[in-house]
Amino acid sequence: MIQDMKPEDIVGEYKETLLDLYGSICRVVLYTEIETPYPDGKLIVSTTDKNGVITHVNKSFIEMSGYTEEELINAPHSILRHPDMPPAAFKDLWDTVNKGEKWQGIVKNLRKDGGYYWVKATVIPNIRNGEVVSYTSVRRKPSRTRVEECIKLYPTLF
Amino acid sequence: MSYLFTVSPDFTPDHLSGWYIFNTWLQRQSESAIHLEMYNDFPSQRKAIKGDEVDLIYANPFDAAMLVREKGFLPLVKAMGVSDEAIIAVNAENPVADVAHLSPGINVAVTEDPDVTMMGMIMLEAGDLHAGNIQTNVYDTYVLVAKHLLKGDADVGIFLAEAYDDLSNMIKKQLRILVRSQISVIHHSLMIGPKLIDRRDEIQALLVAMNEDDKGKDILNSLGFKAWVKVEDEEMEFMIDLMEALAT
Ligand SMILES: Cc1cc2nc3c(=O)[nH]c(=O)nc-3n(C[C@H](O)[C@H](O)[C@H](O)COP(=O)(O)O)c2cc1C
């Protein structure tokens with residue numbers, strides 16, 4: 001399950017905030033201004049069950065998030081939720097995939113060490129025998145222009 | 001009754017005879033008449049697939065969705081340790097050090113390989129480049145892509161990583177890699193169609209055991225492979241989902 005972030009895991013000076021996740025759980029989130037650049041040529045991939053609980057992650061996901069595979073599997077995907085991301089973005093994500101459609105967006109993700117990384121995410125429903133059985137997100141390196149746009153836009157969406 | 005086997009037109013010319021030898025081996029082992037048809041390009045191969053002429057195919061990942069979801073194909077095997085990766089390269093004298101520094105309007109040299117071009121375009125996207133603001137020129141081979149980079153009429157080349165690595169040292173010395181993909185889950189697969197699907201387990205078992213004797217090993221070598229490994233249905237479904245996620 002999802003736990004509060006611990007000061008001993010954080011690298012650098014940090015701020016503290018509370019995030020409402022899943023509409024019910026409250027998580028203490030510690031975050032810094034340290035950006036980890038997206039690794040060139042790689043894709044960050046994860047799969048969740050229909051409730052957004054992580055069931056599979058690839059190696060790049062583990063490396064970028066800073067968590068171990070054991071910490072990630074069975075955790076809600078909001079373990080990466082960054083306080084700068086407007087809730088409207090994730091509402092749009094869920095509304096879109098619940099219709100069986102593909103969602104794309106630029107996302108700022110929170111690392112275990114309090115730092116962050118920007119991705120361009122594509123979330124698709126995995127359809128087997130005509131039914132949605134899970135969701136997969138494939139992330140690629142976003143262009144700096146798209147990231148700069150979101151840095152301006154996201155604070156206006158709260 | 002004779003079955004039709006075909007190979008993704010992006011096969012390396014060096015391996016052409018290997019595929020004919022492989023087909024002969026497959027006919028003997030499966031005791032079936034199988035005709036190998038090598039199409040010159042992707043459109044003519046896709047036309048044959050759409051017309052239900054194909055029964056076995058060594059397929060490009062880009063065509064896997066259509067084969068599985070529209071044509072009832074299922075995966076058999078993939079080559080052990082082989083995945084499709086792309087490279088973005090420039091002329092060694094080009095001062096650009098990062099995809100982010102490339103400018104709209106550049107000339108990009110590509111081949112017809114649909115999966116490689118797609119992976120290459122994803123890497124260019126990080127530099128705000130897309131089909132709408134670059135000029136793409138399609139060449140028959142990766143050697144030609146390299147030559148146009150050397151001549152200077154192409155600014156960027158998109159290569160299959162394996163083809164880039166196989167270029168002569170003399171050519172490689174005059175080129176520079178900007179990005180090499182490390183995706184590792186996109187691969188060609190040998191797939192079986194509806195007319196042969198009843199024999200899937202039997203043919204899969206023959207292929208998986210192919211590297212166990214010297215004759216089989218030699219034929220695999222002539223294709224540039226070490227062994228075939230089984231591809232599970234879910235692995236194929238996952239690759240198709242991934243390709244779909246990457247398609248836009
Ligand atoms: C396949 C998939 C991948 C997701 N990836 C992320 C992610 O990388 N970062 C993130 O903050 N939320 C991601 N989400 C959305 C989370 O499930 C969650 O909605 C979000 O973090 C907001 O938290 P909340 O819904 O609990 O408010 C993903 C959802 C799905 C279905």
# chains A, B, ... in the order shown; residues from 1 in each chain; ligands from 1
>>> interface_residues(of="chain A", to="chain B", cutoff="7 Å", atoms="only C-alpha atoms", output="PyMOL selection string")
chain A and resi 40-43+122+124+126+138+141-143
>>> residues_near_ligand(ligand="ligand 1", cutoff="9 Å", atoms="only C-alpha atoms and all ligand atoms", output="MDAnalysis selection string")
chainID A and resid 19:25 45:54 76:83 85:87 89:91 93:94 97 107:110 119 121:125 134:139
>>> select_by_dssp(residues="region 40-93 of chain A", states="helix (DSSP H, G or I)", output="MDAnalysis selection string")
chainID A and resid 59:65 69:72 77:80 87:93
>>> write_last_selection(atoms="N, CA and C atoms", output="mmCIF file, in the first residue's frame")
data_model
loop_
_atom_site.group_PDB
_atom_site.id
_atom_site.type_symbol
_atom_site.label_atom_id
_atom_site.label_comp_id
_atom_site.auth_asym_id
_atom_site.auth_seq_id
_atom_site.Cartn_x
_atom_site.Cartn_y
_atom_site.Cartn_z
ATOM 1 N N LYS A 59 12.141 -1.929 -16.309
ATOM 2 C CA LYS A 59 13.365 -1.513 -15.629
ATOM 3 C C LYS A 59 13.505 0.010 -15.577
ATOM 4 N N SER A 60 13.167 0.681 -16.675
ATOM 5 C CA SER A 60 13.283 2.141 -16.705
ATOM 6 C C SER A 60 12.345 2.781 -15.684
ATOM 7 N N PHE A 61 11.184 2.164 -15.488
ATOM 8 C CA PHE A 61 10.236 2.687 -14.502
ATOM 9 C C PHE A 61 10.874 2.657 -13.113
ATOM 10 N N ILE A 62 11.481 1.520 -12.794
ATOM 11 C CA ILE A 62 12.099 1.361 -11.473
ATOM 12 C C ILE A 62 13.214 2.389 -11.299
ATOM 13 N N GLU A 63 14.066 2.499 -12.344
ATOM 14 C CA GLU A 63 15.196 3.425 -12.262
ATOM 15 C C GLU A 63 14.737 4.864 -12.059
ATOM 16 N N MET A 64 13.716 5.281 -12.823
ATOM 17 C CA MET A 64 13.296 6.686 -12.771
ATOM 18 C C MET A 64 12.506 7.014 -11.512
ATOM 19 N N SER A 65 11.714 6.072 -11.015
ATOM 20 C CA SER A 65 10.875 6.378 -9.853
ATOM 21 C C SER A 65 11.686 6.332 -8.556
ATOM 22 N N GLU A 69 11.089 -2.682 -7.165
ATOM 23 C CA GLU A 69 9.949 -3.352 -7.779
ATOM 24 C C GLU A 69 8.940 -3.791 -6.709
ATOM 25 N N GLU A 70 9.458 -4.292 -5.588
ATOM 26 C CA GLU A 70 8.582 -4.763 -4.497
ATOM 27 C C GLU A 70 7.724 -3.626 -3.955
ATOM 28 N N GLU A 71 8.310 -2.415 -3.861
ATOM 29 C CA GLU A 71 7.538 -1.273 -3.346
ATOM 30 C C GLU A 71 6.460 -0.835 -4.337
ATOM 31 N N LEU A 72 6.701 -1.073 -5.625
ATOM 32 C CA LEU A 72 5.783 -0.578 -6.659
ATOM 33 C C LEU A 72 4.610 -1.522 -6.914
ATOM 34 N N HIS A 77 -1.154 3.653 -8.419
ATOM 35 C CA HIS A 77 -0.251 4.404 -9.286
ATOM 36 C C HIS A 77 -0.015 5.824 -8.787
ATOM 37 N N SER A 78 -0.896 6.296 -7.907
ATOM 38 C CA SER A 78 -0.725 7.650 -7.377
ATOM 39 C C SER A 78 0.481 7.745 -6.434
ATOM 40 N N ILE A 79 1.204 6.668 -6.270
ATOM 41 C CA ILE A 79 2.483 6.717 -5.534
ATOM 42 C C ILE A 79 3.429 7.715 -6.214
ATOM 43 N N LEU A 80 3.189 7.996 -7.514
ATOM 44 C CA LEU A 80 4.034 8.947 -8.247
ATOM 45 C C LEU A 80 3.399 10.332 -8.355
ATOM 46 N N PRO A 87 -5.535 17.953 -10.340
ATOM 47 C CA PRO A 87 -6.415 16.776 -10.317
ATOM 48 C C PRO A 87 -7.194 16.612 -11.624
ATOM 49 N N ALA A 88 -7.487 17.722 -12.299
ATOM 50 C CA ALA A 88 -8.268 17.661 -13.546
ATOM 51 C C ALA A 88 -7.585 16.775 -14.596
ATOM 52 N N ALA A 89 -6.257 16.751 -14.577
ATOM 53 C CA ALA A 89 -5.534 15.941 -15.566
ATOM 54 C C ALA A 89 -5.848 14.463 -15.374
ATOM 55 N N PHE A 90 -5.854 14.026 -14.098
ATOM 56 C CA PHE A 90 -6.100 12.596 -13.844
ATOM 57 C C PHE A 90 -7.570 12.248 -13.999
ATOM 58 N N LYS A 91 -8.449 13.238 -13.748
ATOM 59 C CA LYS A 91 -9.877 12.993 -13.992
ATOM 60 C C LYS A 91 -10.071 12.740 -15.492
ATOM 61 N N ASP A 92 -9.418 13.570 -16.303
ATOM 62 C CA ASP A 92 -9.508 13.410 -17.757
ATOM 63 C C ASP A 92 -8.934 12.053 -18.185
ATOM 64 N N LEU A 93 -7.802 11.671 -17.553
ATOM 65 C CA LEU A 93 -7.195 10.364 -17.857
ATOM 66 C C LEU A 93 -8.210 9.234 -17.619
#
>>> residues_around(residues="region 160-171 of chain B", least_positions_apart="4", cutoff="12 Å", atoms="only C-alpha atoms", output="ChimeraX atom specification")
/A:41 /B:10-14,82-92,110-120,141-151,175-177,179-184,187,224
>>> closest_atom_pairs(of="region 145-212 of chain B", to="region 66-77 of chain B", cutoff="6 Å", atoms="only C-alpha atoms", output="tab-separated table")
residue	atom	partner	partner_atom	distance
B:Ser189	CA	B:Val77	CA	5.8
B:Leu190	CA	B:Val77	CA	5.3
B:Met191	CA	B:Pro75	CA	4.4
B:Ile192	CA	B:Phe73	CA	5.4
B:Gly193	CA	B:Phe73	CA	4.4
B:Pro194	CA	B:Gly72	CA	6.0
B:Gln204	CA	B:Leu76	CA	5.5
>>> residues_around(residues="region 35-37 of chain A", least_positions_apart="5", cutoff="7 Å", atoms="only C-alpha atoms", output="list in words")
Gly115, Tyr116 and Tyr117 of chain A
>>> select_by_dssp(residues="region 61-111 of chain B", states="strand (DSSP E or B)", output="MDAnalysis selection string")
chainID B and resid 74:79 86:91 107:110
>>> atom_distance(atom1="CA of Phe42 (chain B)", atom2="CA of Asn60 (chain B)")
9.5 Å
>>> atom_distance(atom1="CA of Pro9 (chain B)", atom2="CA of Val185 (chain B)")
20.5 Å
>>> decode(residues="region 53-66 of chain B", atoms="N, CA and C atoms", output="PDB file, in the first residue's frame")
ATOM      1  N   GLU B  53      -3.754 -14.789 -48.553  1.00  0.00           N
ATOM      2  CA  GLU B  53      -2.855 -15.691 -49.274  1.00  0.00           C
ATOM      3  C   GLU B  53      -1.763 -16.251 -48.373  1.00  0.00           C
ATOM      4  N   VAL B  54      -1.514 -15.594 -47.230  1.00  0.00           N
ATOM      5  CA  VAL B  54      -0.350 -15.926 -46.400  1.00  0.00           C
ATOM      6  C   VAL B  54      -0.741 -16.859 -45.255  1.00  0.00           C
ATOM      7  N   ASP B  55       0.098 -17.889 -45.014  1.00  0.00           N
ATOM      8  CA  ASP B  55      -0.173 -18.846 -43.919  1.00  0.00           C
ATOM      9  C   ASP B  55       0.872 -18.791 -42.814  1.00  0.00           C
ATOM     10  N   LEU B  56       2.074 -18.403 -43.182  1.00  0.00           N
ATOM     11  CA  LEU B  56       3.158 -18.271 -42.201  1.00  0.00           C
ATOM     12  C   LEU B  56       3.903 -16.996 -42.536  1.00  0.00           C
ATOM     13  N   ILE B  57       4.293 -16.240 -41.499  1.00  0.00           N
ATOM     14  CA  ILE B  57       4.999 -14.986 -41.796  1.00  0.00           C
ATOM     15  C   ILE B  57       6.001 -14.671 -40.694  1.00  0.00           C
ATOM     16  N   TYR B  58       7.183 -14.243 -41.102  1.00  0.00           N
ATOM     17  CA  TYR B  58       8.125 -13.650 -40.154  1.00  0.00           C
ATOM     18  C   TYR B  58       7.805 -12.164 -40.214  1.00  0.00           C
ATOM     19  N   ALA B  59       7.023 -11.704 -39.219  1.00  0.00           N
ATOM     20  CA  ALA B  59       6.350 -10.410 -39.363  1.00  0.00           C
ATOM     21  C   ALA B  59       7.044  -9.266 -38.656  1.00  0.00           C
ATOM     22  N   ASN B  60       6.975  -8.109 -39.273  1.00  0.00           N
ATOM     23  CA  ASN B  60       7.397  -6.872 -38.640  1.00  0.00           C
ATOM     24  C   ASN B  60       6.404  -6.549 -37.512  1.00  0.00           C
ATOM     25  N   PRO B  61       6.900  -6.058 -36.353  1.00  0.00           N
ATOM     26  CA  PRO B  61       5.988  -5.759 -35.245  1.00  0.00           C
ATOM     27  C   PRO B  61       4.856  -4.812 -35.632  1.00  0.00           C
ATOM     28  N   PHE B  62       5.131  -3.970 -36.603  1.00  0.00           N
ATOM     29  CA  PHE B  62       4.130  -3.004 -37.036  1.00  0.00           C
ATOM     30  C   PHE B  62       2.900  -3.698 -37.628  1.00  0.00           C
ATOM     31  N   ASP B  63       3.098  -4.857 -38.247  1.00  0.00           N
ATOM     32  CA  ASP B  63       1.991  -5.577 -38.885  1.00  0.00           C
ATOM     33  C   ASP B  63       1.321  -6.578 -37.952  1.00  0.00           C
ATOM     34  N   ALA B  64       1.880  -6.760 -36.741  1.00  0.00           N
ATOM     35  CA  ALA B  64       1.370  -7.791 -35.832  1.00  0.00           C
ATOM     36  C   ALA B  64      -0.092  -7.542 -35.451  1.00  0.00           C
ATOM     37  N   ALA B  65      -0.455  -6.268 -35.215  1.00  0.00           N
ATOM     38  CA  ALA B  65      -1.829  -5.962 -34.803  1.00  0.00           C
ATOM     39  C   ALA B  65      -2.815  -6.413 -35.871  1.00  0.00           C
ATOM     40  N   MET B  66      -2.521  -6.061 -37.108  1.00  0.00           N
ATOM     41  CA  MET B  66      -3.405  -6.435 -38.210  1.00  0.00           C
ATOM     42  C   MET B  66      -3.474  -7.959 -38.333  1.00  0.00           C
TER      43      MET B  66
END
